[in-house]
Amino acid sequence: MVDRCHYEDRGRLLDLISVEAVKGFGSNDEFKKKLDVRLMYDGKYKWILVTLMYDKTFNQITVTERDVSHRYEYYEIIKRKNAELRKLLQTTEQYKDALMSESIVMYQVNFSKDTIENGIYQRKNNKMYSALDTVGISTSSSYDEYCRRWQKRVSKDTIEDYLKLATSKKIIELFNNGNTIVSIDYRTMDTQDTEMWIDKSIYLSKDKLTDDILGIISLRNVTERYRQEYLKQASLDLLTGLYNHVTGELLIKSRIDNSAHMYSAFVIFDIDSFKLVNDTYGHYFGDCVIQYVAKRLAECTREDQDIAIRYGGDEFVVYIEYKDSDNIEDIVKRIFNYVTDEYDGYKISVSMGISLSVNCGLHYYNMYQCADKALYEAKKSGRGCYRFYSE
């Protein structure tokens, strides 16, 4: 038996069947000893219950072996499941720690049971407000019911997005389709009736013990992001995506007032004979030409340094700051050649006028007027060219 015993269990087995241990039978009213050890059977180890029974009548000891591997298989399963559960809980806590730094609201839901597993609180101005109280729920309830009540506080223009993640059934379907993170943005009134944009993100996982679908829900205030987006949209030309006239003028004036550069160029150009384009091909085609020229202009200017503007109609402006060592004519020629192109078989020709701060002074209206005069000279010269302003 000892030869078949796993090396880790041999010491305990020897203690059980030692002479000293056997002599102890009967002397202290002990008639049975038993021990679980791993013994080799058919080429593999199995957990065996070894039992020593003392028969006082015949003064003899009987040894029995019983396979109890099933018991240890169960223990191994429990051990493995507990390890998985600890890992899941650790991951959950890591998610919570990471999310709490950004979230104004965070809570956990068992979507398989449609149950909110903790209270829902909004953190605002260093205070905590109950979101459940806001919709008339005094204790944790079903996720579906909470979402149904809260949707009355969601703006009509974003309600369709809100409803995408408003039921446990929909979220379970998303998880079963391979999604572990799902998110939406919507506009709502918060617990204190302040309107805000919310990013709702749900981090999904499956409990390996119960197979329940669990989720940590994080609500983040993204109002500032949308405010900046609205401001950006208001500052852009809707057709081309370039700065519009008003914003472009303000940006140039601000750049002039705060610039450390002594050298700048004011470039004005328009599309030659553009009225003929509209009359011949139609206004839709004309809009497409303007969009194409704007796209080419954006591609050949420096987004973080140059200011590209659609001034109106087919007229465009570029404000360029450059160094004394730069060759401004090379810069202008590159822009001119890049926007002079072809769209859907129509050859695009432009006329361009340029004024320099060294000649006109670093003042918005002076540079604009000088560039406009140079544009007039370019058109007088037959169009399809550029001219620098000179007195």
# chains A, B, ... in the order shown; residues from 1 in each chain; ligands from 1
call {"tool": "residues_around", "arguments": {"residues": "segment 60-68 of chain A", "least_positions_apart": "2", "cutoff": "7 Å", "atoms": "only C-alpha atoms", "output": "PyMOL selection string"}}
result
chain A and resi 47-56+58+70-71
call {"tool": "residues_around", "arguments": {"residues": "Asp287 of chain A", "least_positions_apart": "5", "cutoff": "9 Å", "atoms": "only C-alpha atoms", "output": "ChimeraX atom specification"}}
result
/A:239,278,282,292
call {"tool": "write_last_selection", "arguments": {"atoms": "N, CA and C atoms", "output": "short mmCIF file (atom, residue, chain, number, x, y, z; two decimals), in the first residue's frame"}}
result
data_model
loop_
_atom_site.label_atom_id
_atom_site.label_comp_id
_atom_site.auth_asym_id
_atom_site.auth_seq_id
_atom_site.Cartn_x
_atom_site.Cartn_y
_atom_site.Cartn_z
N LEU A 239 -22.27 73.98 -45.24
CA LEU A 239 -22.04 73.29 -46.50
C LEU A 239 -20.65 72.67 -46.57
N ASN A 278 -23.48 77.23 -61.97
CA ASN A 278 -24.85 77.04 -61.50
C ASN A 278 -25.85 77.06 -62.64
N GLY A 282 -26.55 73.36 -62.74
CA GLY A 282 -27.52 73.35 -61.65
C GLY A 282 -26.86 73.66 -60.30
N TYR A 292 -16.06 70.49 -52.79
CA TYR A 292 -14.80 69.87 -53.22
C TYR A 292 -13.63 70.83 -53.05
#
call {"tool": "residues_around", "arguments": {"residues": "Met367 of chain A", "least_positions_apart": "5", "cutoff": "10 Å", "atoms": "only C-alpha atoms", "output": "PDB file with C-alpha atoms, in the first residue's frame"}}
result
ATOM      1  CA  SER A 264       1.319  86.907 -41.969  1.00  0.00           C
ATOM      2  CA  ALA A 265      -0.555  86.609 -45.251  1.00  0.00           C
ATOM      3  CA  PHE A 266      -4.227  87.231 -46.023  1.00  0.00           C
ATOM      4  CA  VAL A 267      -5.394  85.166 -49.017  1.00  0.00           C
ATOM      5  CA  TYR A 319      -4.985  83.487 -42.998  1.00  0.00           C
ATOM      6  CA  ILE A 354      -2.734  87.969 -51.388  1.00  0.00           C
ATOM      7  CA  SER A 355      -1.735  90.707 -48.981  1.00  0.00           C
ATOM      8  CA  LEU A 356       1.214  90.580 -46.595  1.00  0.00           C
ATOM      9  CA  SER A 357       1.423  92.215 -43.182  1.00  0.00           C
ATOM     10  CA  VAL A 358       4.861  93.604 -44.042  1.00  0.00           C
ATOM     11  CA  ASN A 359       3.230  95.698 -46.793  1.00  0.00           C
ATOM     12  CA  CYS A 360      -0.225  96.428 -45.396  1.00  0.00           C
ATOM     13  CA  GLY A 361       0.330  96.408 -41.639  1.00  0.00           C
ATOM     14  CA  LEU A 362      -0.862  93.795 -39.163  1.00  0.00           C
ATOM     15  CA  ASP A 372      -9.278  92.169 -52.267  1.00  0.00           C
ATOM     16  CA  LYS A 373      -7.460  94.674 -54.518  1.00  0.00           C
ATOM     17  CA  TYR A 389      -0.759  93.253 -53.417  1.00  0.00           C
TER      18      TYR A 389
END
call {"tool": "residues_around", "arguments": {"residues": "Gly384 of chain A", "least_positions_apart": "2", "cutoff": "8 Å", "atoms": "only C-alpha atoms", "output": "PDB file with C-alpha atoms, in the first residue's frame"}}
result
ATOM      1  CA  ASP A 272     -13.850  81.657 -61.755  1.00  0.00           C
ATOM      2  CA  SER A 349     -10.167  77.552 -62.003  1.00  0.00           C
ATOM      3  CA  VAL A 350      -9.654  80.110 -59.238  1.00  0.00           C
ATOM      4  CA  SER A 351      -8.435  83.700 -58.995  1.00  0.00           C
ATOM      5  CA  MET A 352      -6.459  84.606 -55.890  1.00  0.00           C
ATOM      6  CA  ALA A 378      -5.790  88.713 -60.802  1.00  0.00           C
ATOM      7  CA  LYS A 379      -9.182  88.805 -62.491  1.00  0.00           C
ATOM      8  CA  GLY A 382      -7.389  86.897 -67.210  1.00  0.00           C
ATOM      9  CA  TYR A 386      -2.794  84.756 -58.221  1.00  0.00           C
TER      10      TYR A 386
END
call {"tool": "residues_around", "arguments": {"residues": "segment 169-186 of chain A", "least_positions_apart": "3", "cutoff": "9 Å", "atoms": "only C-alpha atoms", "output": "list in words"}}
result
Phe111, Ser112, Asp114, Asp144, Val154, Ser155, Asp157, Thr158, Ile159, Glu160, Asp161, Tyr162, Lys164, Leu165, Ala166, Met196, Trp197, Ile198, Asp199, Lys200, Ser201, Ile202, Tyr203, Leu204, Ser205, Ile213 and Val222 of chain A
call {"tool": "write_last_selection", "arguments": {"atoms": "N, CA and C atoms", "output": "PDB file, in the first residue's frame"}}
result
ATOM      1  N   PHE A 111     -29.178  41.474 -14.525  1.00  0.00           N
ATOM      2  CA  PHE A 111     -30.153  41.566 -15.621  1.00  0.00           C
ATOM      3  C   PHE A 111     -30.938  40.269 -15.777  1.00  0.00           C
ATOM      4  N   SER A 112     -30.350  39.133 -15.405  1.00  0.00           N
ATOM      5  CA  SER A 112     -31.081  37.863 -15.494  1.00  0.00           C
ATOM      6  C   SER A 112     -32.275  37.861 -14.550  1.00  0.00           C
ATOM      7  N   ASP A 114     -33.475  40.862 -13.386  1.00  0.00           N
ATOM      8  CA  ASP A 114     -34.038  42.209 -13.515  1.00  0.00           C
ATOM      9  C   ASP A 114     -34.063  42.913 -12.158  1.00  0.00           C
ATOM     10  N   ASP A 144     -36.040  47.365 -15.181  1.00  0.00           N
ATOM     11  CA  ASP A 144     -37.027  47.790 -16.189  1.00  0.00           C
ATOM     12  C   ASP A 144     -37.958  48.865 -15.637  1.00  0.00           C
ATOM     13  N   VAL A 154     -36.499  62.165 -19.700  1.00  0.00           N
ATOM     14  CA  VAL A 154     -35.584  62.189 -20.852  1.00  0.00           C
ATOM     15  C   VAL A 154     -36.190  63.020 -21.970  1.00  0.00           C
ATOM     16  N   SER A 155     -35.357  63.818 -22.626  1.00  0.00           N
ATOM     17  CA  SER A 155     -35.854  64.675 -23.715  1.00  0.00           C
ATOM     18  C   SER A 155     -36.354  63.835 -24.880  1.00  0.00           C
ATOM     19  N   ASP A 157     -36.094  64.262 -28.021  1.00  0.00           N
ATOM     20  CA  ASP A 157     -35.193  64.090 -29.155  1.00  0.00           C
ATOM     21  C   ASP A 157     -34.141  63.002 -28.922  1.00  0.00           C
ATOM     22  N   THR A 158     -33.995  62.530 -27.668  1.00  0.00           N
ATOM     23  CA  THR A 158     -33.015  61.468 -27.391  1.00  0.00           C
ATOM     24  C   THR A 158     -33.657  60.218 -26.790  1.00  0.00           C
ATOM     25  N   ILE A 159     -34.995  60.193 -26.707  1.00  0.00           N
ATOM     26  CA  ILE A 159     -35.680  59.073 -26.064  1.00  0.00           C
ATOM     27  C   ILE A 159     -35.441  57.761 -26.810  1.00  0.00           C
ATOM     28  N   GLU A 160     -35.313  57.824 -28.127  1.00  0.00           N
ATOM     29  CA  GLU A 160     -35.093  56.602 -28.913  1.00  0.00           C
ATOM     30  C   GLU A 160     -33.778  55.933 -28.514  1.00  0.00           C
ATOM     31  N   ASP A 161     -32.720  56.734 -28.319  1.00  0.00           N
ATOM     32  CA  ASP A 161     -31.447  56.173 -27.879  1.00  0.00           C
ATOM     33  C   ASP A 161     -31.556  55.639 -26.451  1.00  0.00           C
ATOM     34  N   TYR A 162     -32.235  56.384 -25.592  1.00  0.00           N
ATOM     35  CA  TYR A 162     -32.392  55.967 -24.193  1.00  0.00           C
ATOM     36  C   TYR A 162     -33.036  54.584 -24.101  1.00  0.00           C
ATOM     37  N   LYS A 164     -32.883  52.104 -26.017  1.00  0.00           N
ATOM     38  CA  LYS A 164     -32.061  50.987 -26.489  1.00  0.00           C
ATOM     39  C   LYS A 164     -31.487  50.172 -25.338  1.00  0.00           C
ATOM     40  N   LEU A 165     -31.274  50.814 -24.182  1.00  0.00           N
ATOM     41  CA  LEU A 165     -30.705  50.119 -23.019  1.00  0.00           C
ATOM     42  C   LEU A 165     -31.643  50.208 -21.815  1.00  0.00           C
ATOM     43  N   ALA A 166     -32.933  50.198 -22.076  1.00  0.00           N
ATOM     44  CA  ALA A 166     -33.907  50.446 -21.003  1.00  0.00           C
ATOM     45  C   ALA A 166     -34.581  49.192 -20.467  1.00  0.00           C
ATOM     46  N   MET A 196     -29.026  67.898 -18.353  1.00  0.00           N
ATOM     47  CA  MET A 196     -27.650  67.531 -18.678  1.00  0.00           C
ATOM     48  C   MET A 196     -27.639  66.411 -19.710  1.00  0.00           C
ATOM     49  N   TRP A 197     -26.501  66.309 -20.391  1.00  0.00           N
ATOM     50  CA  TRP A 197     -26.254  65.188 -21.298  1.00  0.00           C
ATOM     51  C   TRP A 197     -25.565  64.087 -20.502  1.00  0.00           C
ATOM     52  N   ILE A 198     -26.023  62.850 -20.677  1.00  0.00           N
ATOM     53  CA  ILE A 198     -25.501  61.711 -19.940  1.00  0.00           C
ATOM     54  C   ILE A 198     -24.919  60.675 -20.898  1.00  0.00           C
ATOM     55  N   ASP A 199     -23.732  60.194 -20.564  1.00  0.00           N
ATOM     56  CA  ASP A 199     -23.184  59.016 -21.234  1.00  0.00           C
ATOM     57  C   ASP A 199     -23.456  57.829 -20.318  1.00  0.00           C
ATOM     58  N   LYS A 200     -24.283  56.904 -20.784  1.00  0.00           N
ATOM     59  CA  LYS A 200     -24.615  55.705 -20.010  1.00  0.00           C
ATOM     60  C   LYS A 200     -23.833  54.531 -20.578  1.00  0.00           C
ATOM     61  N   SER A 201     -22.927  53.983 -19.780  1.00  0.00           N
ATOM     62  CA  SER A 201     -22.119  52.835 -20.207  1.00  0.00           C
ATOM     63  C   SER A 201     -22.408  51.662 -19.279  1.00  0.00           C
ATOM     64  N   ILE A 202     -22.572  50.475 -19.862  1.00  0.00           N
ATOM     65  CA  ILE A 202     -22.839  49.264 -19.084  1.00  0.00           C
ATOM     66  C   ILE A 202     -21.729  48.255 -19.370  1.00  0.00           C
ATOM     67  N   TYR A 203     -21.072  47.811 -18.299  1.00  0.00           N
ATOM     68  CA  TYR A 203     -19.986  46.840 -18.389  1.00  0.00           C
ATOM     69  C   TYR A 203     -20.545  45.485 -17.968  1.00  0.00           C
ATOM     70  N   LEU A 204     -20.602  44.551 -18.912  1.00  0.00           N
ATOM     71  CA  LEU A 204     -21.331  43.294 -18.716  1.00  0.00           C
ATOM     72  C   LEU A 204     -20.405  42.099 -18.493  1.00  0.00           C
ATOM     73  N   SER A 205     -20.863  41.158 -17.667  1.00  0.00           N
ATOM     74  CA  SER A 205     -20.127  39.910 -17.448  1.00  0.00           C
ATOM     75  C   SER A 205     -21.126  38.851 -16.998  1.00  0.00           C
ATOM     76  N   ILE A 213     -26.434  37.215 -15.888  1.00  0.00           N
ATOM     77  CA  ILE A 213     -25.775  38.321 -16.579  1.00  0.00           C
ATOM     78  C   ILE A 213     -25.775  39.528 -15.650  1.00  0.00           C
ATOM     79  N   VAL A 222     -21.707  64.440 -19.611  1.00  0.00           N
ATOM     80  CA  VAL A 222     -20.924  64.844 -20.782  1.00  0.00           C
ATOM     81  C   VAL A 222     -21.510  66.124 -21.396  1.00  0.00           C
TER      82      VAL A 222
END
